[in-house]
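Content type PDB, C-alpha atoms, pLDDT in the B column, from the file coords.pdb:
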```pdb
ATOM      1  CA  LEU Z   1      -1.220  -6.269 -15.144  1.00 62.00           C
ATOM      2  CA  GLU Z   2       1.362  -4.835 -17.540  1.00 71.00           C
ATOM      3  CA  ASP Z   3      -1.356  -2.717 -19.156  1.00 76.00           C
ATOM      4  CA  HIS Z   4      -2.548  -1.409 -15.782  1.00 76.00           C
ATOM      5  CA  PRO Z   5       0.401  -0.005 -13.797  1.00 71.00           C
ATOM      6  CA  ALA Z   6      -1.781   1.334 -10.980  1.00 71.00           C
ATOM      7  CA  MET Z   7      -3.275  -2.121 -10.423  1.00 77.00           C
ATOM      8  CA  ALA Z   8       0.157  -3.750 -10.632  1.00 79.00           C
ATOM      9  CA  ALA Z   9       1.464  -1.338  -7.977  1.00 77.00           C
ATOM     10  CA  PHE Z  10      -1.483  -2.150  -5.747  1.00 76.00           C
ATOM     11  CA  VAL Z  11      -1.043  -5.922  -6.127  1.00 86.00           C
ATOM     12  CA  THR Z  12       2.713  -5.773  -5.499  1.00 84.00           C
ATOM     13  CA  ALA Z  13       2.297  -3.588  -2.414  1.00 85.00           C
ATOM     14  CA  PHE Z  14      -0.568  -5.659  -1.043  1.00 84.00           C
ATOM     15  CA  MET Z  15       1.133  -9.032  -1.501  1.00 89.00           C
ATOM     16  CA  ALA Z  16       4.516  -7.829  -0.212  1.00 90.00           C
ATOM     17  CA  THR Z  17       2.865  -6.240   2.836  1.00 86.00           C
ATOM     18  CA  LEU Z  18       0.950  -9.405   3.699  1.00 85.00           C
ATOM     19  CA  ALA Z  19       4.100 -11.493   3.203  1.00 89.00           C
ATOM     20  CA  GLY Z  20       6.189  -9.101   5.306  1.00 87.00           C
ATOM     21  CA  ASP Z  21       8.592  -8.734   2.371  1.00 91.00           C
ATOM     22  CA  GLN Z  22      10.362  -5.493   3.259  1.00 92.00           C
ATOM     23  CA  ALA Z  23      13.038  -5.996   0.587  1.00 93.00           C
ATOM     24  CA  LEU Z  24      10.420  -6.190  -2.193  1.00 90.00           C
ATOM     25  CA  LEU Z  25       8.600  -3.154  -0.825  1.00 91.00           C
ATOM     26  CA  GLU Z  26      11.852  -1.167  -0.703  1.00 93.00           C
ATOM     27  CA  THR Z  27      12.620  -2.140  -4.299  1.00 90.00           C
ATOM     28  CA  HIS Z  28       9.476  -0.392  -5.550  1.00 88.00           C
ATOM     29  CA  TYR Z  29       8.597   2.124  -2.824  1.00 92.00           C
ATOM     30  CA  GLU Z  30      10.049   4.580  -0.356  1.00 96.00           C
ATOM     31  CA  LEU Z  31       8.798   3.470   3.068  1.00 96.00           C
ATOM     32  CA  ALA Z  32       7.737   5.708   5.956  1.00 97.00           C
ATOM     33  CA  LEU Z  33       6.570   3.967   9.133  1.00 96.00           C
ATOM     34  CA  SER Z  34       4.959   5.913  11.969  1.00 97.00           C
ATOM     35  CA  GLY Z  35       3.167   5.108  15.219  1.00 97.00           C
ATOM     36  CA  ASP Z  36       3.696   2.196  17.570  1.00 96.00           C
ATOM     37  CA  VAL Z  37       2.331  -1.287  18.233  1.00 94.00           C
ATOM     38  CA  SER Z  38      -1.049   0.118  19.320  1.00 96.00           C
ATOM     39  CA  GLY Z  39      -1.539   1.915  16.005  1.00 97.00           C
ATOM     40  CA  TRP Z  40       0.813   2.215  13.060  1.00 96.00           C
ATOM     41  CA  THR Z  41       0.829   3.579   9.512  1.00 97.00           C
ATOM     42  CA  LEU Z  42       3.108   2.556   6.661  1.00 95.00           C
ATOM     43  CA  ASP Z  43       3.227   4.975   3.729  1.00 96.00           C
ATOM     44  CA  LEU Z  44       4.533   3.629   0.433  1.00 95.00           C
ATOM     45  CA  THR Z  45       5.617   6.174  -2.185  1.00 95.00           C
ATOM     46  CA  PRO Z  46       6.429   4.760  -5.625  1.00 93.00           C
ATOM     47  CA  ARG Z  47      10.085   5.095  -6.628  1.00 91.00           C
ATOM     48  CA  ASP Z  48       9.243   4.970 -10.336  1.00 88.00           C
ATOM     49  CA  LYS Z  49       8.390   8.514 -11.488  1.00 90.00           C
ATOM     50  CA  LYS Z  50       6.027   7.300 -14.218  1.00 86.00           C
ATOM     51  CA  LEU Z  51       4.093   5.161 -11.734  1.00 86.00           C
ATOM     52  CA  ALA Z  52       4.088   7.998  -9.180  1.00 90.00           C
ATOM     53  CA  LYS Z  53       2.027  10.061 -11.617  1.00 91.00           C
ATOM     54  CA  ARG Z  54      -0.686   7.384 -11.435  1.00 87.00           C
ATOM     55  CA  VAL Z  55      -0.328   6.247  -7.793  1.00 89.00           C
ATOM     56  CA  THR Z  56       0.972   8.953  -5.482  1.00 93.00           C
ATOM     57  CA  ARG Z  57       0.808   6.939  -2.256  1.00 95.00           C
ATOM     58  CA  ILE Z  58      -0.313   3.707  -0.726  1.00 93.00           C
ATOM     59  CA  ARG Z  59      -1.071   3.819   2.997  1.00 96.00           C
ATOM     60  CA  VAL Z  60      -1.319   0.664   5.084  1.00 95.00           C
ATOM     61  CA  ALA Z  61      -2.608   1.006   8.650  1.00 96.00           C
ATOM     62  CA  GLY Z  62      -3.008  -1.396  11.510  1.00 94.00           C
ATOM     63  CA  ALA Z  63      -2.228  -2.272  15.106  1.00 95.00           C
ATOM     64  CA  GLY Z  64       0.130  -4.982  16.269  1.00 93.00           C
ATOM     65  CA  GLU Z  65       0.081  -7.702  13.623  1.00 88.00           C
ATOM     66  CA  ARG Z  66      -3.449  -6.800  12.519  1.00 91.00           C
ATOM     67  CA  LEU Z  67      -4.109  -4.947   9.280  1.00 90.00           C
ATOM     68  CA  HIS Z  68      -6.918  -2.350   9.463  1.00 95.00           C
ATOM     69  CA  SER Z  69      -6.854  -0.609   6.089  1.00 95.00           C
ATOM     70  CA  PHE Z  70      -5.121  -0.405   2.737  1.00 92.00           C
ATOM     71  CA  GLU Z  71      -5.566   2.915   0.937  1.00 94.00           C
ATOM     72  CA  THR Z  72      -4.438   3.865  -2.557  1.00 91.00           C
ATOM     73  CA  GLN Z  73      -4.203   7.540  -3.551  1.00 94.00           C
ATOM     74  CA  GLN Z  74      -4.150   8.012  -7.318  1.00 91.00           C
ATOM     75  CA  GLY Z  75      -2.567  10.854  -9.233  1.00 92.00           C
ATOM     76  CA  ASN Z  76      -5.947  12.044 -10.525  1.00 94.00           C
ATOM     77  CA  GLY Z  77      -7.197  12.547  -6.956  1.00 94.00           C
ATOM     78  CA  ASP Z  78      -9.216   9.335  -6.756  1.00 95.00           C
ATOM     79  CA  ARG Z  79      -8.775   7.247  -3.642  1.00 95.00           C
ATOM     80  CA  SER Z  80      -9.692   3.683  -2.819  1.00 92.00           C
ATOM     81  CA  VAL Z  81      -9.800   2.214   0.662  1.00 95.00           C
ATOM     82  CA  MET Z  82     -10.018  -1.432   1.621  1.00 92.00           C
ATOM     83  CA  LEU Z  83     -11.021  -2.020   5.257  1.00 95.00           C
ATOM     84  CA  PHE Z  84     -10.348  -5.209   7.194  1.00 91.00           C
ATOM     85  CA  SER Z  85     -12.200  -6.463  10.261  1.00 90.00           C
ATOM     86  CA  LEU Z  86     -12.395  -9.603  12.309  1.00 83.00           C
ATOM     87  CA  LEU Z  87     -15.444 -11.753  11.832  1.00 77.00           C
ATOM     88  CA  ALA Z  88     -17.118 -13.502  14.738  1.00 68.00           C
ATOM     89  CA  PRO Z  89     -16.635 -17.286  14.656  1.00 71.00           C
TER      90      PRO Z  89
END
```
How would this structure read if it were set down as structure tokens?
Amino acid sequence: LEDHPAMAAFVTAFMATLAGDQALLETHYELALSGDVSGWTLDLTPRDKKLAKRVTRIRVAGAGERLHSFETQQGNGDRSVMLFSLLAP
């Protein structure tokens, strides 16, 4: 991952979000939480200026304890979105 800073940022943000590790997130990102339990958005802006040129924002959205989406906005304008849904048993 050292050769791919955008991927490293994604992995760190994803794992820390799933683990509920606010301290790790705050080490690498500025956090902005909006909404309420029925629908929330967490924006992560990289603190590292070099990384911020490659990944301008990561947006995590959900409701309650459920994660709905994980979006990465890259410096070149590309965007990737991972959607999560519940599967029927």
I'd like the interatomic distance between CA of Ser69 (chain Z) and CA of Asp48 (chain Z), to a tenth of an Å.
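So the answer is 23.7 Å.
Here the question is which of Z:Ile58, Z:Met15, Z:Leu51, Z:Ala63 gets nearest to Gly39 (chain Z) using only C-alpha atoms, and that residue is Z:Ala63.
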query: Just how far from CA of Gln22 (chain Z) is CA of His68 (chain Z), in Å to one decimal?
result: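 Between CA of His68 (chain Z) and CA of Gln22 (chain Z) the gap works out to 18.6 Å.
Each of Z:Ala9, Z:Leu24, Z:Val55, Z:Leu18 was compared to Leu67 (chain Z) using only C-alpha atoms, and Z:Leu18 turns out to be the nearest.
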Shortest contact to Ser80 (chain Z), candidates Z:Leu33, Z:Arg59, Z:Arg47, Z:Gly64, atoms counted all atoms listed in the file, goes to Z:Arg59
Check: What is the CA of Ala13 (chain Z) to CA of Gly62 (chain Z) distance in Å?
Finding: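 So the two atoms, CA of Ala13 (chain Z) and CA of Gly62 (chain Z), lie 15.1 Å apart.
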Quiz prompt | Expansion of the PyMOL selection byres ((chain Z and resi 77) around 12) into residues, as a PyMOL selection string | solution = chain Z and resi 53-57+72-76+78-80
Expanded to explicit residues, what is the PyMOL selection byres ((chain Z and resi 26) around 12) for this file, as an MDAnalysis selection string?
chainID Z and resid 12:13 16:17 20:25 27:32 43:48
Residue by residue, what does the PyMOL selection byres ((chain Z and resi 82) around 7) grab here? Present the result as an mmCIF file with C-alpha atoms, in the frame of the given file.
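The resulting file, selection_20.cif, is shown below:
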```cif
data_model
loop_
_atom_site.group_PDB
_atom_site.id
_atom_site.type_symbol
_atom_site.label_atom_id
_atom_site.label_comp_id
_atom_site.auth_asym_id
_atom_site.auth_seq_id
_atom_site.Cartn_x
_atom_site.Cartn_y
_atom_site.Cartn_z
ATOM 1 C CA SER Z 69 -6.854 -0.609 6.089
ATOM 2 C CA PHE Z 70 -5.121 -0.405 2.737
ATOM 3 C CA GLU Z 71 -5.566 2.915 0.937
ATOM 4 C CA SER Z 80 -9.692 3.683 -2.819
ATOM 5 C CA VAL Z 81 -9.800 2.214 0.662
ATOM 6 C CA LEU Z 83 -11.021 -2.020 5.257
ATOM 7 C CA PHE Z 84 -10.348 -5.209 7.194
#
```
